[in-house]
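Reproduced below: run-v2.pdb, with PDB, C-alpha atoms.
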ATOM      1  CA  SER S   1     -47.777 -46.552 -98.241  1.00  0.00           C
ATOM      2  CA  LEU S   2     -50.895 -48.586 -97.627  1.00  0.00           C
ATOM      3  CA  TYR S   3     -54.161 -47.623 -99.259  1.00  0.00           C
ATOM      4  CA  THR S   4     -57.616 -49.085 -99.354  1.00  0.00           C
ATOM      5  CA  THR S   5     -57.839 -51.650-102.120  1.00  0.00           C
ATOM      6  CA  VAL S   6     -60.492 -53.907-103.566  1.00  0.00           C
ATOM      7  CA  VAL S   7     -59.979 -57.583-102.721  1.00  0.00           C
ATOM      8  CA  ASP S   8     -61.890 -60.781-103.217  1.00  0.00           C
ATOM      9  CA  ALA S   9     -62.530 -61.949 -99.637  1.00  0.00           C
ATOM     10  CA  LYS S  10     -62.402 -65.594-100.810  1.00  0.00           C
ATOM     11  CA  SER S  11     -58.771 -65.113-101.860  1.00  0.00           C
ATOM     12  CA  LEU S  12     -57.616 -64.098 -98.359  1.00  0.00           C
ATOM     13  CA  SER S  13     -55.870 -66.648 -96.173  1.00  0.00           C
ATOM     14  CA  PRO S  14     -58.175 -68.039 -93.478  1.00  0.00           C
ATOM     15  CA  ARG S  15     -55.110 -68.289 -91.202  1.00  0.00           C
ATOM     16  CA  TYR S  16     -55.168 -64.518 -90.659  1.00  0.00           C
ATOM     17  CA  PRO S  17     -58.019 -62.490 -89.094  1.00  0.00           C
ATOM     18  CA  TRP S  18     -58.790 -60.140 -92.000  1.00  0.00           C
ATOM     19  CA  LEU S  19     -61.098 -57.203 -91.535  1.00  0.00           C
ATOM     20  CA  VAL S  20     -62.996 -56.421 -94.723  1.00  0.00           C
ATOM     21  CA  GLN S  21     -65.892 -54.146 -95.515  1.00  0.00           C
ATOM     22  CA  ASP S  22     -68.182 -53.385 -98.390  1.00  0.00           C
ATOM     23  CA  ILE S  23     -67.309 -50.519-100.695  1.00  0.00           C
ATOM     24  CA  ALA S  24     -69.496 -47.531 -99.859  1.00  0.00           C
ATOM     25  CA  PRO S  25     -71.622 -46.558-102.823  1.00  0.00           C
ATOM     26  CA  GLY S  26     -71.355 -42.981-103.898  1.00  0.00           C
ATOM     27  CA  SER S  27     -69.914 -40.500-106.299  1.00  0.00           C
ATOM     28  CA  ARG S  28     -67.748 -38.262-104.138  1.00  0.00           C
ATOM     29  CA  ASP S  29     -65.186 -38.461-101.344  1.00  0.00           C
ATOM     30  CA  THR S  30     -65.890 -35.873 -98.638  1.00  0.00           C
ATOM     31  CA  THR S  31     -64.271 -34.821 -95.386  1.00  0.00           C
ATOM     32  CA  LEU S  32     -65.599 -32.675 -92.577  1.00  0.00           C
ATOM     33  CA  VAL S  33     -63.348 -30.667 -90.276  1.00  0.00           C
ATOM     34  CA  TYR S  34     -64.865 -30.326 -86.794  1.00  0.00           C
ATOM     35  CA  ILE S  35     -63.170 -27.915 -84.392  1.00  0.00           C
ATOM     36  CA  ALA S  36     -64.924 -27.149 -81.086  1.00  0.00           C
ATOM     37  CA  GLY S  37     -68.379 -27.035 -82.680  1.00  0.00           C
ATOM     38  CA  LYS S  38     -67.377 -25.302 -85.908  1.00  0.00           C
ATOM     39  CA  MET S  39     -67.669 -27.376 -89.069  1.00  0.00           C
ATOM     40  CA  ALA S  40     -66.557 -27.183 -92.684  1.00  0.00           C
ATOM     41  CA  LEU S  41     -67.325 -29.836 -95.305  1.00  0.00           C
ATOM     42  CA  PHE S  42     -65.132 -30.428 -98.359  1.00  0.00           C
ATOM     43  CA  GLY S  43     -65.399 -32.741-101.343  1.00  0.00           C
ATOM     44  CA  VAL S  44     -62.947 -33.988-103.916  1.00  0.00           C
ATOM     45  CA  ALA S  45     -63.713 -32.176-107.148  1.00  0.00           C
ATOM     46  CA  ARG S  46     -63.211 -35.385-109.167  1.00  0.00           C
ATOM     47  CA  ARG S  47     -66.150 -37.731-108.951  1.00  0.00           C
ATOM     48  CA  ARG S  48     -65.510 -41.368-108.081  1.00  0.00           C
ATOM     49  CA  ASP S  49     -65.333 -43.475-111.233  1.00  0.00           C
ATOM     50  CA  GLY S  50     -64.179 -46.819-109.874  1.00  0.00           C
ATOM     51  CA  SER S  51     -60.579 -46.424-111.063  1.00  0.00           C
ATOM     52  CA  THR S  52     -59.413 -45.791-107.500  1.00  0.00           C
ATOM     53  CA  VAL S  53     -60.974 -46.741-104.198  1.00  0.00           C
ATOM     54  CA  ASP S  54     -58.803 -44.465-102.042  1.00  0.00           C
ATOM     55  CA  TRP S  55     -58.353 -40.792-102.988  1.00  0.00           C
ATOM     56  CA  ARG S  56     -55.027 -40.671-101.102  1.00  0.00           C
ATOM     57  CA  VAL S  57     -53.223 -42.482-103.931  1.00  0.00           C
ATOM     58  CA  THR S  58     -53.100 -39.202-105.862  1.00  0.00           C
ATOM     59  CA  ILE S  59     -51.545 -37.090-103.093  1.00  0.00           C
ATOM     60  CA  ASN S  60     -48.308 -35.425-104.261  1.00  0.00           C
ATOM     61  CA  THR S  61     -48.734 -36.643-107.827  1.00  0.00           C
ATOM     62  CA  ASP S  62     -49.460 -34.852-111.094  1.00  0.00           C
ATOM     63  CA  HIS S  63     -53.045 -36.087-110.750  1.00  0.00           C
ATOM     64  CA  GLU S  64     -53.642 -34.803-107.215  1.00  0.00           C
ATOM     65  CA  ASP S  65     -57.285 -34.206-106.494  1.00  0.00           C
ATOM     66  CA  GLN S  66     -58.553 -30.708-105.770  1.00  0.00           C
ATOM     67  CA  TRP S  67     -60.899 -30.141-102.851  1.00  0.00           C
ATOM     68  CA  GLU S  68     -63.776 -27.684-102.778  1.00  0.00           C
ATOM     69  CA  ARG S  69     -65.955 -26.477 -99.932  1.00  0.00           C
ATOM     70  CA  LEU S  70     -69.459 -27.948 -99.865  1.00  0.00           C
ATOM     71  CA  GLN S  71     -72.620 -26.729 -98.186  1.00  0.00           C
ATOM     72  CA  LEU S  72     -73.521 -28.412 -94.889  1.00  0.00           C
ATOM     73  CA  SER S  73     -77.198 -29.221 -94.428  1.00  0.00           C
ATOM     74  CA  PRO S  74     -78.816 -28.607 -91.018  1.00  0.00           C
ATOM     75  CA  GLU S  75     -79.434 -32.372 -90.685  1.00  0.00           C
ATOM     76  CA  PHE S  76     -75.796 -33.229 -91.419  1.00  0.00           C
ATOM     77  CA  THR S  77     -74.658 -30.551 -88.957  1.00  0.00           C
ATOM     78  CA  ARG S  78     -76.937 -31.905 -86.200  1.00  0.00           C
ATOM     79  CA  ALA S  79     -75.886 -35.513 -86.807  1.00  0.00           C
ATOM     80  CA  THR S  80     -72.196 -34.548 -86.665  1.00  0.00           C
ATOM     81  CA  GLU S  81     -72.679 -32.589 -83.451  1.00  0.00           C
ATOM     82  CA  LEU S  82     -74.499 -35.542 -81.853  1.00  0.00           C
ATOM     83  CA  LEU S  83     -71.752 -37.980 -82.887  1.00  0.00           C
ATOM     84  CA  MET S  84     -68.914 -35.761 -81.671  1.00  0.00           C
ATOM     85  CA  ASN S  85     -70.702 -35.157 -78.353  1.00  0.00           C
ATOM     86  CA  GLU S  86     -71.334 -38.887 -77.941  1.00  0.00           C
ATOM     87  CA  LEU S  87     -67.642 -39.602 -78.613  1.00  0.00           C
ATOM     88  CA  GLY S  88     -66.518 -36.755 -76.338  1.00  0.00           C
ATOM     89  CA  LEU S  89     -64.437 -35.199 -79.121  1.00  0.00           C
ATOM     90  CA  ARG S  90     -63.802 -31.471 -79.522  1.00  0.00           C
ATOM     91  CA  TYR S  91     -61.761 -32.012 -82.701  1.00  0.00           C
ATOM     92  CA  GLY S  92     -61.853 -34.457 -85.570  1.00  0.00           C
ATOM     93  CA  ARG S  93     -61.782 -34.975 -89.290  1.00  0.00           C
ATOM     94  CA  LEU S  94     -64.673 -37.116 -90.403  1.00  0.00           C
ATOM     95  CA  ASP S  95     -64.585 -38.936 -93.747  1.00  0.00           C
ATOM     96  CA  PHE S  96     -67.620 -39.861 -95.838  1.00  0.00           C
ATOM     97  CA  ILE S  97     -68.632 -41.060 -99.267  1.00  0.00           C
ATOM     98  CA  LEU S  98     -71.405 -38.899-100.699  1.00  0.00           C
ATOM     99  CA  ASP S  99     -73.974 -40.412-103.020  1.00  0.00           C
ATOM    100  CA  GLU S 100     -74.991 -37.291-104.928  1.00  0.00           C
ATOM    101  CA  ALA S 101     -77.894 -39.090-106.651  1.00  0.00           C
ATOM    102  CA  SER S 102     -79.650 -39.962-103.375  1.00  0.00           C
ATOM    103  CA  GLY S 103     -78.121 -37.291-101.127  1.00  0.00           C
ATOM    104  CA  ASP S 104     -76.991 -39.986 -98.670  1.00  0.00           C
ATOM    105  CA  SER S 105     -73.579 -39.845 -96.983  1.00  0.00           C
ATOM    106  CA  TRP S 106     -71.825 -43.016 -95.888  1.00  0.00           C
ATOM    107  CA  PHE S 107     -69.721 -42.543 -92.744  1.00  0.00           C
ATOM    108  CA  LEU S 108     -66.230 -44.050 -92.987  1.00  0.00           C
ATOM    109  CA  GLU S 109     -64.318 -42.846 -89.940  1.00  0.00           C
ATOM    110  CA  VAL S 110     -63.456 -40.014 -87.602  1.00  0.00           C
ATOM    111  CA  ASN S 111     -59.783 -39.160 -87.172  1.00  0.00           C
ATOM    112  CA  ALA S 112     -59.317 -37.582 -83.729  1.00  0.00           C
ATOM    113  CA  ASN S 113     -55.954 -36.228 -84.899  1.00  0.00           C
ATOM    114  CA  GLY S 114     -56.714 -35.859 -88.606  1.00  0.00           C
ATOM    115  CA  GLN S 115     -54.858 -33.310 -90.705  1.00  0.00           C
ATOM    116  CA  PHE S 116     -56.609 -30.376 -92.327  1.00  0.00           C
ATOM    117  CA  GLY S 117     -53.817 -28.002 -93.428  1.00  0.00           C
ATOM    118  CA  TRP S 118     -54.275 -28.600 -97.159  1.00  0.00           C
ATOM    119  CA  LEU S 119     -57.885 -27.382 -96.844  1.00  0.00           C
ATOM    120  CA  ASP S 120     -56.922 -24.070 -95.215  1.00  0.00           C
ATOM    121  CA  ASP S 121     -57.015 -20.933 -97.359  1.00  0.00           C
ATOM    122  CA  SER S 122     -57.447 -17.181 -97.049  1.00  0.00           C
ATOM    123  CA  ASP S 123     -61.249 -17.448 -97.276  1.00  0.00           C
ATOM    124  CA  LEU S 124     -61.591 -20.071 -94.554  1.00  0.00           C
ATOM    125  CA  THR S 125     -58.801 -19.982 -91.995  1.00  0.00           C
ATOM    126  CA  LEU S 126     -59.208 -23.346 -90.292  1.00  0.00           C
ATOM    127  CA  HIS S 127     -55.918 -22.804 -88.478  1.00  0.00           C
ATOM    128  CA  GLY S 128     -57.594 -19.781 -86.827  1.00  0.00           C
ATOM    129  CA  TRP S 129     -60.448 -22.008 -85.648  1.00  0.00           C
ATOM    130  CA  PHE S 130     -57.897 -24.466 -84.300  1.00  0.00           C
ATOM    131  CA  LEU S 131     -55.899 -21.806 -82.431  1.00  0.00           C
ATOM    132  CA  ASP S 132     -59.054 -20.281 -80.956  1.00  0.00           C
ATOM    133  CA  ALA S 133     -60.124 -23.712 -79.703  1.00  0.00           C
ATOM    134  CA  ALA S 134     -56.663 -24.542 -78.337  1.00  0.00           C
ATOM    135  CA  LEU S 135     -56.516 -21.272 -76.395  1.00  0.00           C
ATOM    136  CA  ASP S 136     -60.084 -21.534 -75.058  1.00  0.00           C
ATOM    137  CA  PRO S 137     -60.029 -22.669 -71.384  1.00  0.00           C
ATOM    138  CA  ALA S 138     -63.285 -24.576 -72.025  1.00  0.00           C
ATOM    139  CA  ASN S 139     -61.266 -27.058 -74.096  1.00  0.00           C
ATOM    140  CA  THR S 140     -58.592 -27.672 -71.452  1.00  0.00           C
ATOM    141  CA  ILE S 141     -58.176 -31.241 -70.250  1.00  0.00           C
ATOM    142  CA  ILE S 142     -57.444 -31.474 -66.546  1.00  0.00           C
ATOM    143  CA  SER S 143     -56.428 -34.833 -65.164  1.00  0.00           C
ATOM    144  CA  ALA S 144     -54.366 -36.222 -62.332  1.00  0.00           C
ATOM    145  CA  PRO S 145     -50.712 -36.900 -63.167  1.00  0.00           C
ATOM    146  CA  CYS S 146     -49.855 -40.431 -64.178  1.00  0.00           C
ATOM    147  CA  SER S 147     -48.909 -42.433 -61.088  1.00  0.00           C
ATOM    148  CA  ARG S 148     -47.058 -45.175 -62.971  1.00  0.00           C
ATOM    149  CA  PRO S 149     -43.315 -44.889 -63.464  1.00  0.00           C
ATOM    150  CA  PRO S 150     -42.223 -44.441 -67.091  1.00  0.00           C
ATOM    151  CA  PHE S 151     -41.595 -47.605 -69.114  1.00  0.00           C
ATOM    152  CA  SER S 152     -38.029 -48.797 -69.067  1.00  0.00           C
ATOM    153  CA  PRO S 153     -36.873 -51.650 -71.295  1.00  0.00           C
ATOM    154  CA  ALA S 154     -34.094 -52.507 -68.836  1.00  0.00           C
TER     155      ALA S 154
END

In structure tokens, how does this file's structure come out?
Amino acid sequence: SLYTTVVDAKSLSPRYPWLVQDIAPGSRDTTLVYIAGKMALFGVARRRDGSTVDWRVTINTDHEDQWERLQLSPEFTRATELLMNELGLRYGRLDFILDEASGDSWFLEVNANGQFGWLDDSDLTLHGWFLDAALDPANTIISAPCSRPPFSPA
């Protein structure tokens, strides 16, 4: 598995086009599930302490992080709705780093096919949101059939 790691950019070979970014400051990894306008924000219970850059390293280990539901502010809700509308997405999992001291969230990415099953529980049935959206005709994609023949390696 590949995870985000800290590297010294000067140590990377100039013969390869590396893509590097700054580490987002903040104390908490958060993820937002967006399904057809409905939103739920979650945060890793463990605060970031610099020992790991990528929370995924603890998945399926004895030290797996627990997630808890967080309150969404009206500003965060509006900004997410604007972004998803601009991108034309009806579904996505958006990842952020939350700086609890300042209240700022640093956007990392939106996964248009991101998983959310581990966040589902009896109090918040995200799978119900997903099924409602999938069965809603307003979310149907209608397009002309592909006119190209299928790829054949022969």

Could you tell me, as a PDB file with C-alpha atoms, in the coordinates of the input, exactly which residues end up selected when the PyMOL selection byres ((chain S and resi 99) around 10) is applied to this structure?
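After the write, out.pdb holds the following:
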ATOM      1  CA  ALA S  24     -69.496 -47.531 -99.859  1.00  0.00           C
ATOM      2  CA  PRO S  25     -71.622 -46.558-102.823  1.00  0.00           C
ATOM      3  CA  GLY S  26     -71.355 -42.981-103.898  1.00  0.00           C
ATOM      4  CA  SER S  27     -69.914 -40.500-106.299  1.00  0.00           C
ATOM      5  CA  ARG S  28     -67.748 -38.262-104.138  1.00  0.00           C
ATOM      6  CA  ASP S  29     -65.186 -38.461-101.344  1.00  0.00           C
ATOM      7  CA  ARG S  48     -65.510 -41.368-108.081  1.00  0.00           C
ATOM      8  CA  PHE S  96     -67.620 -39.861 -95.838  1.00  0.00           C
ATOM      9  CA  ILE S  97     -68.632 -41.060 -99.267  1.00  0.00           C
ATOM     10  CA  LEU S  98     -71.405 -38.899-100.699  1.00  0.00           C
ATOM     11  CA  GLU S 100     -74.991 -37.291-104.928  1.00  0.00           C
ATOM     12  CA  ALA S 101     -77.894 -39.090-106.651  1.00  0.00           C
ATOM     13  CA  SER S 102     -79.650 -39.962-103.375  1.00  0.00           C
ATOM     14  CA  GLY S 103     -78.121 -37.291-101.127  1.00  0.00           C
ATOM     15  CA  ASP S 104     -76.991 -39.986 -98.670  1.00  0.00           C
ATOM     16  CA  SER S 105     -73.579 -39.845 -96.983  1.00  0.00           C
ATOM     17  CA  TRP S 106     -71.825 -43.016 -95.888  1.00  0.00           C
TER      18      TRP S 106
END

Quick one: apply the PyMOL selection byres ((chain S and resi 110) around 12) to the file and drop the selected residues here as a short mmCIF file (atom, residue, chain, number, x, y, z; two decimals) with C-alpha atoms, in the frame of the given file.
data_model
loop_
_atom_site.label_atom_id
_atom_site.label_comp_id
_atom_site.auth_asym_id
_atom_site.auth_seq_id
_atom_site.Cartn_x
_atom_site.Cartn_y
_atom_site.Cartn_z
CA THR S 31 -64.27 -34.82 -95.39
CA LEU S 32 -65.60 -32.67 -92.58
CA VAL S 33 -63.35 -30.67 -90.28
CA TYR S 34 -64.86 -30.33 -86.79
CA THR S 80 -72.20 -34.55 -86.66
CA LEU S 83 -71.75 -37.98 -82.89
CA MET S 84 -68.91 -35.76 -81.67
CA LEU S 87 -67.64 -39.60 -78.61
CA LEU S 89 -64.44 -35.20 -79.12
CA ARG S 90 -63.80 -31.47 -79.52
CA TYR S 91 -61.76 -32.01 -82.70
CA GLY S 92 -61.85 -34.46 -85.57
CA ARG S 93 -61.78 -34.98 -89.29
CA LEU S 94 -64.67 -37.12 -90.40
CA ASP S 95 -64.58 -38.94 -93.75
CA PHE S 96 -67.62 -39.86 -95.84
CA PHE S 107 -69.72 -42.54 -92.74
CA LEU S 108 -66.23 -44.05 -92.99
CA GLU S 109 -64.32 -42.85 -89.94
CA ASN S 111 -59.78 -39.16 -87.17
CA ALA S 112 -59.32 -37.58 -83.73
CA ASN S 113 -55.95 -36.23 -84.90
CA GLY S 114 -56.71 -35.86 -88.61
CA GLN S 115 -54.86 -33.31 -90.70
#

(Q) Between atom CA of S:Gln66 and atom CA of S:Lys38, what is the distance in Å, rounded to a tenth? (A) 22.4 Å

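Taking all atoms listed in the file, the non-local environment of S:Ala134 within 12 Å (same-chain residues fewer than 5 positions away omitted) comprises S:Ile35, S:Ala36, S:Arg90, S:Tyr91, S:His127, S:Gly128, S:Trp129, S:Asn139, S:Thr140, S:Ile141.
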
Keeping only C-alpha atoms, take the residues you just selected and write them out as a PDB file, in the coordinates of the input.
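So selection-v8.pdb came out as:
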ATOM      1  CA  ILE S  35     -63.170 -27.915 -84.392  1.00  0.00           C
ATOM      2  CA  ALA S  36     -64.924 -27.149 -81.086  1.00  0.00           C
ATOM      3  CA  ARG S  90     -63.802 -31.471 -79.522  1.00  0.00           C
ATOM      4  CA  TYR S  91     -61.761 -32.012 -82.701  1.00  0.00           C
ATOM      5  CA  HIS S 127     -55.918 -22.804 -88.478  1.00  0.00           C
ATOM      6  CA  GLY S 128     -57.594 -19.781 -86.827  1.00  0.00           C
ATOM      7  CA  TRP S 129     -60.448 -22.008 -85.648  1.00  0.00           C
ATOM      8  CA  ASN S 139     -61.266 -27.058 -74.096  1.00  0.00           C
ATOM      9  CA  THR S 140     -58.592 -27.672 -71.452  1.00  0.00           C
ATOM     10  CA  ILE S 141     -58.176 -31.241 -70.250  1.00  0.00           C
TER      11      ILE S 141
END

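What separates atom CA of S:Leu124 from atom CA of S:Gly88 is a distance of 25.2 Å.
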
Need the axis-aligned box for stretch 99-110 of chain S with 6 Å each side, so what are the centre and edges in Å to one decimal, as lines of an AutoDock Vina configuration file?
center_x = -71.6
center_y = -40.7
center_z = -97.1
size_x = 28.2
size_y = 18.8
size_z = 31.0

**Q.** Residues within 12 Å of S:Asp121, all atoms listed in the file, excluding chain neighbours under 5 positions, as an MDAnalysis selection string
**A.** chainID S and resid 67:69 116 126:128

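Atom CA of S:Leu41 sits 13.9 Å away from atom CA of S:Asp123.
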
Could you give me, as a compact mmCIF listing (two decimals) with C-alpha atoms, in the frame of the given file, the residues that have an atom at most 10 Å away from the point (-73.0, -28.5, -95.8) in the coordinates of the file, using all atoms listed in the file?
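Dumped to point_6.txt:
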# COMPACT_ATOMS: atom_id res chain seq x y z
CA LEU S 32 -65.60 -32.67 -92.58
CA MET S 39 -67.67 -27.38 -89.07
CA ALA S 40 -66.56 -27.18 -92.68
CA LEU S 41 -67.32 -29.84 -95.30
CA PHE S 42 -65.13 -30.43 -98.36
CA ARG S 69 -65.96 -26.48 -99.93
CA LEU S 70 -69.46 -27.95 -99.86
CA GLN S 71 -72.62 -26.73 -98.19
CA LEU S 72 -73.52 -28.41 -94.89
CA SER S 73 -77.20 -29.22 -94.43
CA PRO S 74 -78.82 -28.61 -91.02
CA GLU S 75 -79.43 -32.37 -90.68
CA PHE S 76 -75.80 -33.23 -91.42
CA THR S 77 -74.66 -30.55 -88.96
